[in-house]
Amino acid sequence: MSRLAREQNAINLGQGFPDEDGPKEIREIAAQAIIDGPNQYAPAEGTPELREAVAADNKRFCGLDINPETEVQITSGATEALAAAFQGYLEPGDEVVLLAPFYECYAPQIEAAGGRVRFVDLIPPAWSLEAAALEAAITSKTKLIVINTPHNPLGKVMSRGELEIVAEAARRHDLIVVCDEVYEHLVFDGQPHIPLMCLPGMKERVIRIGSAGKTFSLTGFRIGYVTGPARLITGLMKAHQHLSYTSPGSLQKAVAAGLALGDDYYERFVADMQAKRDLLAAGLKEAGFDVLPCGGTYFLTVDIRSVGRDDDAAFCKEITENAKVAAVPISAFYHPQQKNSPRTYARFCFCKRPEILQEASARLARYFS
Ligand code: PMP
């Protein structure tokens with residue numbers, strides 16, 4: 001969709017990256033650190049400074065006591081953290097339960113690690129998780145469950161009740177849960193972000209993955225952080241050593257400073273993004289779309305039946321070529337095996353400047369009128 005958007009000179013609300021870089025002070029520290037060093041291999045587990053900052057961040061935002069020596073691993077973005085987890089934890093034939101739709105790198109990474117994917121369909125429009133559906137997907141071969149809250153592409157924030165369903169299943173079947181929490185600081189409407197790790201008995205079987213790219217709008221930095229019990233961090237670290245080995249010390253230094261930014265940074269960040277959500281949601285409604293609720297992330301989902309369409313891939317191509325606004329079909333977030341996945345939803349990204357969101361909405365309104 002990004003290539004088509006470029007060819008068509010369309011506004012790209014398909015790919016999810018902010019169009020403004022995050023805090024200048026973080027970028028200045030990174031620039032200075034490239035001049036002054038460190039510029040040689042950083043420790044494979046991450047610099048002590050950044051691991052301590054991640055542990056402090058867990059205490060500050062989640063009340064979690066994390067040992068920076070043994071319970072934190074720094075990675076090259078959340079993408080590498082996920083790959084290292086799957087390579088570290090899975091033996092050929094092990095099964096992994098995914099809640100569908102799901103962020104697109106999970107299934108290929110799991111399959112490349114020799115694992116097999118099984119799916120629990122979240123049912124629109126609420127996309128809620130049912131205990132019986134999760135139970136039905138678990139077999140004697142299941143080793144992991146992957147959850148993602150707030151959720152890409154749905155913008156859904158898992159409720160405490162849904163997290164309890166996952167916790168209960170993980171305890172009962174002795175499973176590891178990989179929690180993709182890259183949008184942990186983008187939960188809207190004053191709601192809390194609840195890490196699964198905070199639920200009783202979960203700390204010993206959960207890893208939670210964060211991303212400086214998302215938290216500081218610096219997606220090109222490629223710095224991710226994983227928190228978990230020592231045995232799971234060790235397993236992940238062994239795969240990480242042979243994947244990317246380490247990440248630039250200069251950028252780790254800058255991200256450590258970022259994690260120490262005051263509450264005002266985090267409050268402004270979420271308030272700005274919420275205002276963008278509201279702006280785009282209003283624009284899309286004005287253009288005739290049925291907009292689904294969005295409790296977090298960068299993403300709004302619409303039901304394309306509201307504008308008389310029923311094929312999401314064709315719809316995204318149509319609006320990119322004709323309205324000059326790109327979106328992404330939600331069917332792309334299902335496994336090719338899932339032949340009956342919904343085909344009537346599309347995702348628009350709102351981490352763009354307000355004037356871009358207004359122009360995109362105006363183009364869609366003109367086209368659909
Ligand atoms: N998980 C989710 C749910 C995401 O949306 C993304 C980025 N689009 C990632 C992981 C990857 O994050 P990173 O850029 O830190 O690799």
# chains A, B, ... in the order shown; residues from 1 in each chain; ligands from 1

call {"tool": "residues_around", "arguments": {"residues": "Gly63 (chain A)", "least_positions_apart": "4", "cutoff": "12 Å", "atoms": "only C-alpha atoms", "output": "list in words"}}
result
Ala55, Ala56, Asp57, Asn58, Lys59, Ile194, Pro195, Met197, Cys198 and Leu199 of chain A

call {"tool": "write_last_selection", "arguments": {"atoms": "C-alpha atoms", "output": "PDB file, in the first residue's frame"}}
result
ATOM      1  CA  ALA A  55      13.626  -1.415  35.311  1.00  0.00           C
ATOM      2  CA  ALA A  56      12.868   2.067  36.736  1.00  0.00           C
ATOM      3  CA  ASP A  57      10.220   2.592  34.042  1.00  0.00           C
ATOM      4  CA  ASN A  58       8.534  -0.697  35.041  1.00  0.00           C
ATOM      5  CA  LYS A  59       8.432   0.495  38.647  1.00  0.00           C
ATOM      6  CA  ILE A 194      -2.748  -3.051  32.336  1.00  0.00           C
ATOM      7  CA  PRO A 195       0.272  -5.294  31.714  1.00  0.00           C
ATOM      8  CA  MET A 197       2.567  -9.276  34.075  1.00  0.00           C
ATOM      9  CA  CYS A 198       0.805  -7.409  36.897  1.00  0.00           C
ATOM     10  CA  LEU A 199      -1.859 -10.096  37.352  1.00  0.00           C
TER      11      LEU A 199
END

call {"tool": "residues_around", "arguments": {"residues": "Glu111 (chain A)", "least_positions_apart": "2", "cutoff": "10 Å", "atoms": "only C-alpha atoms", "output": "PyMOL selection string"}}
result
chain A and resi 86-87+90+92-96+106-109+113-117

call {"tool": "write_last_selection", "arguments": {"atoms": "N, CA and C atoms", "output": "tab-separated table (two decimals), in the first residue's frame"}}
result
chain	number	residue	atom	x	y	z
A	86	PHE	N	10.56	-16.12	19.95
A	86	PHE	CA	10.07	-17.33	19.27
A	86	PHE	C	11.23	-18.31	19.03
A	87	GLN	N	12.38	-17.78	18.59
A	87	GLN	CA	13.53	-18.67	18.36
A	87	GLN	C	14.04	-19.26	19.67
A	90	LEU	N	10.80	-21.82	21.22
A	90	LEU	CA	10.07	-22.85	20.48
A	90	LEU	C	10.97	-23.98	19.99
A	92	PRO	N	10.72	-27.32	17.20
A	92	PRO	CA	9.88	-27.66	16.05
A	92	PRO	C	8.62	-28.41	16.49
A	93	GLY	N	7.48	-27.97	15.96
A	93	GLY	CA	6.21	-28.64	16.28
A	93	GLY	C	5.46	-28.01	17.44
A	94	ASP	N	6.13	-27.17	18.23
A	94	ASP	CA	5.42	-26.48	19.32
A	94	ASP	C	4.35	-25.56	18.72
A	95	GLU	N	3.26	-25.41	19.44
A	95	GLU	CA	2.17	-24.57	18.93
A	95	GLU	C	2.09	-23.24	19.69
A	96	VAL	N	1.67	-22.23	18.94
A	96	VAL	CA	1.53	-20.87	19.49
A	96	VAL	C	0.12	-20.38	19.18
A	106	TYR	N	4.11	-11.78	13.52
A	106	TYR	CA	4.08	-12.93	14.43
A	106	TYR	C	4.13	-14.27	13.70
A	107	ALA	N	3.20	-14.48	12.78
A	107	ALA	CA	3.08	-15.82	12.16
A	107	ALA	C	4.34	-16.20	11.38
A	108	PRO	N	4.87	-15.33	10.51
A	108	PRO	CA	6.09	-15.74	9.80
A	108	PRO	C	7.28	-15.99	10.74
A	109	GLN	N	7.38	-15.21	11.78
A	109	GLN	CA	8.50	-15.42	12.72
A	109	GLN	C	8.34	-16.76	13.45
A	113	ALA	N	10.70	-20.17	13.13
A	113	ALA	CA	11.32	-20.78	14.31
A	113	ALA	C	10.88	-22.24	14.48
A	114	GLY	N	10.09	-22.75	13.54
A	114	GLY	CA	9.66	-24.15	13.61
A	114	GLY	C	8.33	-24.35	14.33
A	115	GLY	N	7.72	-23.26	14.78
A	115	GLY	CA	6.46	-23.38	15.51
A	115	GLY	C	5.27	-23.45	14.56
A	116	ARG	N	4.11	-23.84	15.14
A	116	ARG	CA	2.88	-23.87	14.35
A	116	ARG	C	1.87	-22.93	15.00
A	117	VAL	N	1.16	-22.19	14.15
A	117	VAL	CA	0.22	-21.21	14.69
A	117	VAL	C	-1.19	-21.78	14.76

call {"tool": "residues_around", "arguments": {"residues": "Arg268 (chain A)", "least_positions_apart": "2", "cutoff": "12 Å", "atoms": "only C-alpha atoms", "output": "PDB file with N, CA, C and O atoms, in the first residue's frame"}}
result
ATOM      1  N   GLY A  22      10.230  12.402  17.409  1.00  0.00           N
ATOM      2  CA  GLY A  22      10.034  12.597  18.841  1.00  0.00           C
ATOM      3  C   GLY A  22      11.036  13.567  19.442  1.00  0.00           C
ATOM      4  O   GLY A  22      11.775  14.247  18.720  1.00  0.00           O
ATOM      5  N   PRO A  23      11.068  13.672  20.794  1.00  0.00           N
ATOM      6  CA  PRO A  23      11.754  14.742  21.517  1.00  0.00           C
ATOM      7  C   PRO A  23      13.168  15.067  21.015  1.00  0.00           C
ATOM      8  O   PRO A  23      14.002  14.182  20.858  1.00  0.00           O
ATOM      9  N   HIS A 185       2.034   3.366  26.112  1.00  0.00           N
ATOM     10  CA  HIS A 185       1.796   4.761  26.503  1.00  0.00           C
ATOM     11  C   HIS A 185       0.749   5.450  25.644  1.00  0.00           C
ATOM     12  O   HIS A 185       0.586   6.664  25.722  1.00  0.00           O
ATOM     13  N   LEU A 186       0.069   4.679  24.807  1.00  0.00           N
ATOM     14  CA  LEU A 186      -0.989   5.272  23.973  1.00  0.00           C
ATOM     15  C   LEU A 186      -2.332   4.621  24.278  1.00  0.00           C
ATOM     16  O   LEU A 186      -2.935   3.968  23.427  1.00  0.00           O
ATOM     17  N   PHE A 188      -6.096   5.694  25.591  1.00  0.00           N
ATOM     18  CA  PHE A 188      -6.835   6.958  25.600  1.00  0.00           C
ATOM     19  C   PHE A 188      -7.955   7.000  26.646  1.00  0.00           C
ATOM     20  O   PHE A 188      -8.247   6.003  27.299  1.00  0.00           O
ATOM     21  N   THR A 215       7.233   4.711  21.788  1.00  0.00           N
ATOM     22  CA  THR A 215       7.085   5.581  22.970  1.00  0.00           C
ATOM     23  C   THR A 215       7.658   6.976  22.726  1.00  0.00           C
ATOM     24  O   THR A 215       7.165   7.954  23.287  1.00  0.00           O
ATOM     25  N   PHE A 216       8.674   7.063  21.846  1.00  0.00           N
ATOM     26  CA  PHE A 216       9.280   8.375  21.600  1.00  0.00           C
ATOM     27  C   PHE A 216       9.151   8.824  20.150  1.00  0.00           C
ATOM     28  O   PHE A 216       9.863   9.749  19.722  1.00  0.00           O
ATOM     29  N   LEU A 261      12.255  10.981  31.095  1.00  0.00           N
ATOM     30  CA  LEU A 261      11.522  12.247  30.887  1.00  0.00           C
ATOM     31  C   LEU A 261      10.369  12.336  31.887  1.00  0.00           C
ATOM     32  O   LEU A 261       9.821  11.318  32.319  1.00  0.00           O
ATOM     33  N   GLY A 262       9.993  13.574  32.193  1.00  0.00           N
ATOM     34  CA  GLY A 262       8.956  13.795  33.206  1.00  0.00           C
ATOM     35  C   GLY A 262       7.573  13.360  32.730  1.00  0.00           C
ATOM     36  O   GLY A 262       7.354  13.090  31.544  1.00  0.00           O
ATOM     37  N   ASP A 263       6.646  13.339  33.675  1.00  0.00           N
ATOM     38  CA  ASP A 263       5.275  12.932  33.354  1.00  0.00           C
ATOM     39  C   ASP A 263       4.658  13.825  32.281  1.00  0.00           C
ATOM     40  O   ASP A 263       3.794  13.387  31.525  1.00  0.00           O
ATOM     41  N   ASP A 264       5.123  15.107  32.229  1.00  0.00           N
ATOM     42  CA  ASP A 264       4.542  16.023  31.247  1.00  0.00           C
ATOM     43  C   ASP A 264       4.740  15.497  29.819  1.00  0.00           C
ATOM     44  O   ASP A 264       3.859  15.626  28.979  1.00  0.00           O
ATOM     45  N   TYR A 265       5.903  14.874  29.549  1.00  0.00           N
ATOM     46  CA  TYR A 265       6.119  14.321  28.200  1.00  0.00           C
ATOM     47  C   TYR A 265       5.042  13.276  27.880  1.00  0.00           C
ATOM     48  O   TYR A 265       4.391  13.332  26.835  1.00  0.00           O
ATOM     49  N   TYR A 266       4.867  12.337  28.799  1.00  0.00           N
ATOM     50  CA  TYR A 266       3.947  11.225  28.536  1.00  0.00           C
ATOM     51  C   TYR A 266       2.505  11.720  28.442  1.00  0.00           C
ATOM     52  O   TYR A 266       1.715  11.232  27.638  1.00  0.00           O
ATOM     53  N   VAL A 270       0.198  11.345  24.907  1.00  0.00           N
ATOM     54  CA  VAL A 270      -1.090  10.636  24.778  1.00  0.00           C
ATOM     55  C   VAL A 270      -2.214  11.624  24.438  1.00  0.00           C
ATOM     56  O   VAL A 270      -3.109  11.306  23.637  1.00  0.00           O
ATOM     57  N   ALA A 271      -2.139  12.841  24.994  1.00  0.00           N
ATOM     58  CA  ALA A 271      -3.191  13.827  24.704  1.00  0.00           C
ATOM     59  C   ALA A 271      -3.154  14.230  23.231  1.00  0.00           C
ATOM     60  O   ALA A 271      -4.205  14.335  22.578  1.00  0.00           O
ATOM     61  N   ASP A 272      -1.947  14.428  22.688  1.00  0.00           N
ATOM     62  CA  ASP A 272      -1.818  14.804  21.261  1.00  0.00           C
ATOM     63  C   ASP A 272      -2.379  13.705  20.376  1.00  0.00           C
ATOM     64  O   ASP A 272      -3.119  13.960  19.424  1.00  0.00           O
ATOM     65  N   MET A 273      -2.028  12.467  20.712  1.00  0.00           N
ATOM     66  CA  MET A 273      -2.456  11.357  19.848  1.00  0.00           C
ATOM     67  C   MET A 273      -3.975  11.152  19.964  1.00  0.00           C
ATOM     68  O   MET A 273      -4.644  10.847  18.982  1.00  0.00           O
ATOM     69  N   GLN A 274      -4.509  11.360  21.158  1.00  0.00           N
ATOM     70  CA  GLN A 274      -5.961  11.232  21.336  1.00  0.00           C
ATOM     71  C   GLN A 274      -6.695  12.302  20.516  1.00  0.00           C
ATOM     72  O   GLN A 274      -7.729  12.027  19.896  1.00  0.00           O
ATOM     73  N   ALA A 275      -6.116  13.515  20.498  1.00  0.00           N
ATOM     74  CA  ALA A 275      -6.739  14.590  19.715  1.00  0.00           C
ATOM     75  C   ALA A 275      -6.721  14.220  18.227  1.00  0.00           C
ATOM     76  O   ALA A 275      -7.681  14.486  17.486  1.00  0.00           O
TER      77      ALA A 275
END

call {"tool": "select_by_dssp", "arguments": {"residues": "region 51-287 of chain A", "states": "helix (DSSP H, G or I)", "output": "VMD selection string"}}
result
chain A and resid 51 to 62 77 to 89 106 to 112 131 to 137 160 to 173 196 to 198 203 to 205 212 to 215 219 to 221 230 to 243 249 to 259 263 to 286

call {"tool": "residues_near_ligand", "arguments": {"ligand": "ligand 1", "cutoff": "10 Å", "atoms": "only C-alpha atoms and all ligand atoms", "output": "compact mmCIF listing (two decimals) with N, CA, C and O atoms, in the first residue's frame"}}
result
# COMPACT_ATOMS: atom_id res chain seq x y z
N GLN A 15 0.68 2.90 6.25
CA GLN A 15 1.78 2.49 7.13
C GLN A 15 1.80 3.33 8.41
O GLN A 15 1.62 4.55 8.37
N GLY A 16 2.04 2.66 9.55
CA GLY A 16 1.92 3.34 10.85
C GLY A 16 3.22 3.92 11.37
O GLY A 16 3.87 3.32 12.21
N PHE A 17 3.59 5.09 10.86
CA PHE A 17 4.74 5.76 11.47
C PHE A 17 4.42 7.25 11.61
O PHE A 17 3.75 7.83 10.76
N THR A 75 16.86 -4.98 22.73
CA THR A 75 16.85 -5.61 21.40
C THR A 75 16.81 -4.54 20.31
O THR A 75 16.65 -3.35 20.61
N SER A 76 16.93 -4.99 19.06
CA SER A 76 16.84 -4.06 17.93
C SER A 76 15.37 -3.89 17.54
O SER A 76 14.89 -4.47 16.56
N GLY A 77 14.68 -3.13 18.34
CA GLY A 77 13.24 -2.93 18.13
C GLY A 77 12.44 -4.09 18.70
O GLY A 77 12.99 -5.15 19.04
N ALA A 78 11.12 -3.87 18.79
CA ALA A 78 10.24 -4.94 19.27
C ALA A 78 10.23 -6.10 18.28
O ALA A 78 10.04 -7.25 18.66
N THR A 79 10.44 -5.80 16.99
CA THR A 79 10.42 -6.86 15.97
C THR A 79 11.47 -7.92 16.30
O THR A 79 11.19 -9.12 16.25
N GLU A 80 12.68 -7.47 16.65
CA GLU A 80 13.71 -8.46 16.97
C GLU A 80 13.42 -9.14 18.30
O GLU A 80 13.73 -10.33 18.47
N ALA A 81 12.83 -8.42 19.24
CA ALA A 81 12.47 -9.04 20.52
C ALA A 81 11.52 -10.22 20.29
O ALA A 81 11.66 -11.30 20.88
N LEU A 82 10.53 -10.01 19.40
CA LEU A 82 9.56 -11.08 19.10
C LEU A 82 10.27 -12.27 18.45
O LEU A 82 10.08 -13.42 18.84
N PHE A 102 -3.92 -10.18 13.87
CA PHE A 102 -2.70 -10.00 14.67
C PHE A 102 -1.65 -9.25 13.86
O PHE A 102 -1.68 -9.28 12.62
N TYR A 103 -0.73 -8.61 14.58
CA TYR A 103 0.35 -7.86 13.93
C TYR A 103 1.13 -8.79 13.02
O TYR A 103 1.45 -9.93 13.39
N GLU A 104 1.47 -8.29 11.85
CA GLU A 104 1.83 -9.20 10.75
C GLU A 104 3.12 -9.99 10.93
O GLU A 104 3.30 -10.99 10.24
N CYS A 105 4.04 -9.60 11.80
CA CYS A 105 5.29 -10.38 11.85
C CYS A 105 5.17 -11.64 12.71
O CYS A 105 6.03 -12.52 12.63
N TYR A 106 4.11 -11.78 13.52
CA TYR A 106 4.08 -12.93 14.43
C TYR A 106 4.13 -14.27 13.70
O TYR A 106 4.96 -15.12 14.00
N ILE A 147 -0.15 -12.06 23.07
CA ILE A 147 -1.21 -11.04 23.11
C ILE A 147 -0.60 -9.68 22.79
O ILE A 147 0.60 -9.47 22.95
N ASN A 148 -1.46 -8.77 22.36
CA ASN A 148 -1.01 -7.44 21.95
C ASN A 148 -2.06 -6.43 22.44
O ASN A 148 -3.17 -6.41 21.94
N THR A 149 -1.67 -5.69 23.45
CA THR A 149 -2.59 -4.66 23.95
C THR A 149 -1.80 -3.42 24.34
O THR A 149 -0.76 -3.56 24.99
N PRO A 150 -2.21 -2.22 23.88
CA PRO A 150 -3.21 -1.93 22.85
C PRO A 150 -2.84 -2.61 21.52
O PRO A 150 -1.68 -2.82 21.24
N HIS A 151 -3.87 -2.86 20.73
CA HIS A 151 -3.76 -3.78 19.60
C HIS A 151 -3.64 -3.09 18.24
O HIS A 151 -4.44 -2.22 17.91
N ASN A 152 -2.64 -3.54 17.50
CA ASN A 152 -2.52 -3.17 16.09
C ASN A 152 -2.96 -4.38 15.28
O ASN A 152 -2.39 -5.45 15.46
N PRO A 153 -3.95 -4.31 14.41
CA PRO A 153 -4.54 -3.11 13.82
C PRO A 153 -5.82 -2.59 14.48
O PRO A 153 -6.36 -1.59 14.01
N LEU A 154 -6.34 -3.21 15.53
CA LEU A 154 -7.72 -2.89 15.93
C LEU A 154 -7.88 -1.64 16.80
O LEU A 154 -8.98 -1.13 16.95
N GLY A 155 -6.79 -1.19 17.44
CA GLY A 155 -6.93 -0.08 18.39
C GLY A 155 -7.65 -0.52 19.65
O GLY A 155 -8.08 0.30 20.46
N CYS A 179 3.84 -10.79 25.61
CA CYS A 179 2.95 -9.62 25.59
C CYS A 179 3.59 -8.50 24.80
O CYS A 179 4.59 -7.93 25.23
N ASP A 180 3.00 -8.20 23.66
CA ASP A 180 3.48 -7.11 22.83
C ASP A 180 2.76 -5.84 23.32
O ASP A 180 1.57 -5.66 23.08
N GLU A 181 3.53 -5.00 24.02
CA GLU A 181 2.94 -3.80 24.64
C GLU A 181 3.59 -2.53 24.08
O GLU A 181 3.80 -1.56 24.80
N VAL A 182 3.91 -2.56 22.78
CA VAL A 182 4.63 -1.41 22.21
C VAL A 182 3.82 -0.11 22.31
O VAL A 182 4.39 0.97 22.31
N TYR A 183 2.49 -0.21 22.39
CA TYR A 183 1.66 1.01 22.50
C TYR A 183 1.23 1.28 23.95
O TYR A 183 0.20 1.90 24.19
N ILE A 209 7.04 -6.68 26.09
CA ILE A 209 7.93 -6.07 25.10
C ILE A 209 7.50 -4.62 24.86
O ILE A 209 6.33 -4.35 24.59
N GLY A 210 8.48 -3.71 24.99
CA GLY A 210 8.22 -2.30 24.70
C GLY A 210 9.10 -1.83 23.56
O GLY A 210 10.04 -2.51 23.15
N SER A 211 8.81 -0.63 23.04
CA SER A 211 9.56 -0.11 21.89
C SER A 211 9.79 1.39 22.05
O SER A 211 8.83 2.15 22.16
N ALA A 212 11.07 1.79 22.01
CA ALA A 212 11.37 3.23 22.04
C ALA A 212 10.82 3.89 20.77
O ALA A 212 10.46 5.07 20.79
N GLY A 213 10.75 3.13 19.69
CA GLY A 213 10.22 3.67 18.44
C GLY A 213 8.82 4.22 18.63
O GLY A 213 8.49 5.32 18.15
N LYS A 214 7.98 3.50 19.35
CA LYS A 214 6.59 3.93 19.57
C LYS A 214 6.52 4.96 20.70
O LYS A 214 5.82 5.97 20.58
N THR A 215 7.23 4.71 21.79
CA THR A 215 7.08 5.58 22.97
C THR A 215 7.66 6.98 22.73
O THR A 215 7.16 7.95 23.29
N SER A 217 8.26 8.21 19.39
CA SER A 217 8.09 8.57 17.96
C SER A 217 9.44 8.63 17.25
O SER A 217 9.76 9.58 16.54
N LEU A 218 10.24 7.57 17.44
CA LEU A 218 11.55 7.47 16.80
C LEU A 218 11.67 6.04 16.25
O LEU A 218 12.53 5.26 16.69
N THR A 219 10.79 5.71 15.31
CA THR A 219 10.70 4.31 14.88
C THR A 219 11.99 3.84 14.20
O THR A 219 12.27 2.64 14.18
N GLY A 220 12.79 4.78 13.67
CA GLY A 220 14.04 4.39 13.02
C GLY A 220 15.17 4.09 14.00
O GLY A 220 16.22 3.60 13.58
N PHE A 221 14.99 4.39 15.27
CA PHE A 221 16.05 4.11 16.25
C PHE A 221 16.27 2.60 16.41
O PHE A 221 17.36 2.17 16.73
N ARG A 222 15.23 1.82 16.28
CA ARG A 222 15.29 0.36 16.43
C ARG A 222 15.80 -0.04 17.80
O ARG A 222 16.76 -0.82 17.92
N ILE A 223 15.21 0.49 18.85
CA ILE A 223 15.55 0.03 20.20
C ILE A 223 14.27 -0.52 20.85
O ILE A 223 13.28 0.20 20.98
N GLY A 224 14.33 -1.79 21.24
CA GLY A 224 13.23 -2.42 21.96
C GLY A 224 13.72 -2.88 23.32
O GLY A 224 14.93 -2.95 23.56
N TYR A 225 12.79 -3.15 24.23
CA TYR A 225 13.19 -3.65 25.55
C TYR A 225 12.21 -4.72 26.02
O TYR A 225 11.01 -4.62 25.83
N THR A 297 -3.37 3.06 20.61
CA THR A 297 -2.51 2.93 19.39
C THR A 297 -2.59 4.15 18.50
O THR A 297 -2.99 5.24 18.92
N TYR A 298 -2.21 3.92 17.23
CA TYR A 298 -2.23 4.95 16.18
C TYR A 298 -3.36 4.70 15.18
O TYR A 298 -3.38 5.34 14.14
N PHE A 299 -4.24 3.72 15.44
CA PHE A 299 -5.05 3.19 14.34
C PHE A 299 -6.56 3.24 14.58
O PHE A 299 -7.03 2.88 15.66

call {"tool": "residues_around", "arguments": {"residues": "Asn67 (chain A)", "least_positions_apart": "4", "cutoff": "9 Å", "atoms": "only C-alpha atoms", "output": "list in words"}}
result
Arg51, Glu52, Ala55, Glu71, Val72, Pro229 and Ala230 of chain A

call {"tool": "write_last_selection", "arguments": {"atoms": "C-alpha atoms", "output": "short mmCIF file (atom, residue, chain, number, x, y, z; two decimals), in the first residue's frame"}}
result
data_model
loop_
_atom_site.label_atom_id
_atom_site.label_comp_id
_atom_site.auth_asym_id
_atom_site.auth_seq_id
_atom_site.Cartn_x
_atom_site.Cartn_y
_atom_site.Cartn_z
CA ARG A 51 18.58 -1.74 31.53
CA GLU A 52 18.39 0.27 34.74
CA ALA A 55 13.63 -1.41 35.31
CA GLU A 71 15.26 -9.50 34.02
CA VAL A 72 15.81 -6.99 31.17
CA PRO A 229 11.77 -13.58 34.63
CA ALA A 230 15.48 -14.48 34.42
#

call {"tool": "residues_around", "arguments": {"residues": "Arg3 (chain A)", "least_positions_apart": "2", "cutoff": "12 Å", "atoms": "only C-alpha atoms", "output": "ChimeraX atom specification"}}
result
/A:1,5-12,14-15,317,320-321,326-327

call {"tool": "write_last_selection", "arguments": {"atoms": "C-alpha atoms", "output": "CSV table (one decimal), in the first residue's frame"}}
result
chain,number,residue,atom,x,y,z
A,1,MET,CA,0.0,0.0,0.0
A,5,ALA,CA,0.5,5.5,-2.2
A,6,ARG,CA,3.8,6.8,-3.5
A,7,GLU,CA,2.9,6.0,-7.1
A,8,GLN,CA,-0.5,7.7,-6.8
A,9,ASN,CA,0.8,10.7,-4.8
A,10,ALA,CA,-1.7,9.7,-2.1
A,11,ILE,CA,-1.7,10.6,1.6
A,12,ASN,CA,-0.4,7.5,3.2
A,14,GLY,CA,-1.6,3.0,5.6
A,15,GLN,CA,1.8,2.5,7.1
A,317,LYS,CA,-6.7,0.1,-3.8
A,320,THR,CA,-5.6,5.1,-2.9
A,321,GLU,CA,-6.1,5.5,-6.7
A,326,ALA,CA,-4.2,5.1,1.4
A,327,ALA,CA,-5.4,2.7,4.1
